[in-house]
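What follows is one structure encoded as structure tokens, with my remarks underneath.
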Amino acid sequence: MPAPAGPAPLGLVREETGEPRVDAALGRLGDVDHLATDGHLTVYEDVHQGLRAALDALDAPPGPSAPPPARPDGSAGRAH
């Protein structure tokens with residue numbers, strides 16, 4: 001009985017999406033080319049988590065708001 005073949009790259013070409021977080025997560029899929037099948041699950045879970053984080057970031061409120069404008073006297077805070 002012949003020995004099973006080891007891991008081999010599939011040779012798939014992946015296009016960049018332009019979204020750094022998505023591209024990083026999808027780039028991780030290339031790691032499975034060098035792993036036995038039992039190591040794929042960890043990579044797939046990691047990629048799923050990265051894609052989930054990228055999607056969740058779309059629903060997050062924008063960053064901190066700009067500081068309030070200075071008062072006419074030059075002091076910080078909102079004018080009353």
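Just so we're on the same page: first chain in the structure tokens is A, next is B, and so on; residues restart at 1 for each chain, and ligands are numbered from 1 in the order they show up.
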
**Prompt:** So which residues touch A:Ala53 within 10 Å, counting only C-alpha atoms, skipping near sequence neighbours fewer than 5 positions away, as an MDAnalysis selection string?
**Reply:** chainID A and resid 21:22 25 47:48 58

Output of the above residues as a tab-separated table (two decimals), in the first residue's frame, restricted to N, CA and C atoms:
chain	number	residue	atom	x	y	z
A	21	ARG	N	-7.81	44.39	6.18
A	21	ARG	CA	-8.18	43.35	7.15
A	21	ARG	C	-8.68	42.08	6.44
A	22	VAL	N	-9.42	42.27	5.38
A	22	VAL	CA	-9.93	41.12	4.61
A	22	VAL	C	-8.78	40.44	3.88
A	25	ALA	N	-6.74	38.37	6.30
A	25	ALA	CA	-7.44	37.13	6.70
A	25	ALA	C	-7.39	36.11	5.56
A	47	VAL	N	-9.22	32.46	10.04
A	47	VAL	CA	-9.68	33.27	8.91
A	47	VAL	C	-11.11	33.74	9.16
A	48	HIS	N	-11.95	32.86	9.63
A	48	HIS	CA	-13.35	33.23	9.92
A	48	HIS	C	-13.40	34.35	10.95
A	58	LEU	N	-17.46	47.33	10.42
A	58	LEU	CA	-18.34	48.15	9.59
A	58	LEU	C	-19.54	48.66	10.38

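Atom CA of A:Pro2 sits 21.4 Å away from atom CA of A:Asp33.
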
Which residues of stretch 9-31 of chain A come within 12 Å of stretch 35-38 of chain A, and what is each one's closest atom pair and distance in Å (one decimal), counting only C-alpha atoms, sorted by chain and residue number, as JSON lines?
{"residue": "A:Pro9", "atom": "CA", "partner": "A:Leu35", "partner_atom": "CA", "distance": 9.6}
{"residue": "A:Leu29", "atom": "CA", "partner": "A:Leu35", "partner_atom": "CA", "distance": 10.8}
{"residue": "A:Gly30", "atom": "CA", "partner": "A:Leu35", "partner_atom": "CA", "distance": 9.8}
{"residue": "A:Asp31", "atom": "CA", "partner": "A:Leu35", "partner_atom": "CA", "distance": 7.0}

Self-check item: Residue set, stretch 21-73 of chain A restricted to alpha helix (DSSP H), as a count of residues only
Solution: 27

Computed gap from atom CA of A:Asp46 to atom CA of A:Pro61 is 24.5 Å

Atom pair atom CA of A:Pro7 + atom CA of A:Arg52, distance 27.5 Å

### Message
Which residue is closest to A:Gly50? Choose from A:Pro62, A:Ala3, A:His34, A:Leu26 and count only C-alpha atoms.
### Response
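Of A:Pro62, A:Ala3, A:His34, A:Leu26, the one nearest A:Gly50 is A:Leu26, counting only C-alpha atoms.
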
Counting only C-alpha atoms, closest pick from A:Asp56, A:Gly63, A:Thr42, A:Val32 relative to A:Ala8 is A:Val32
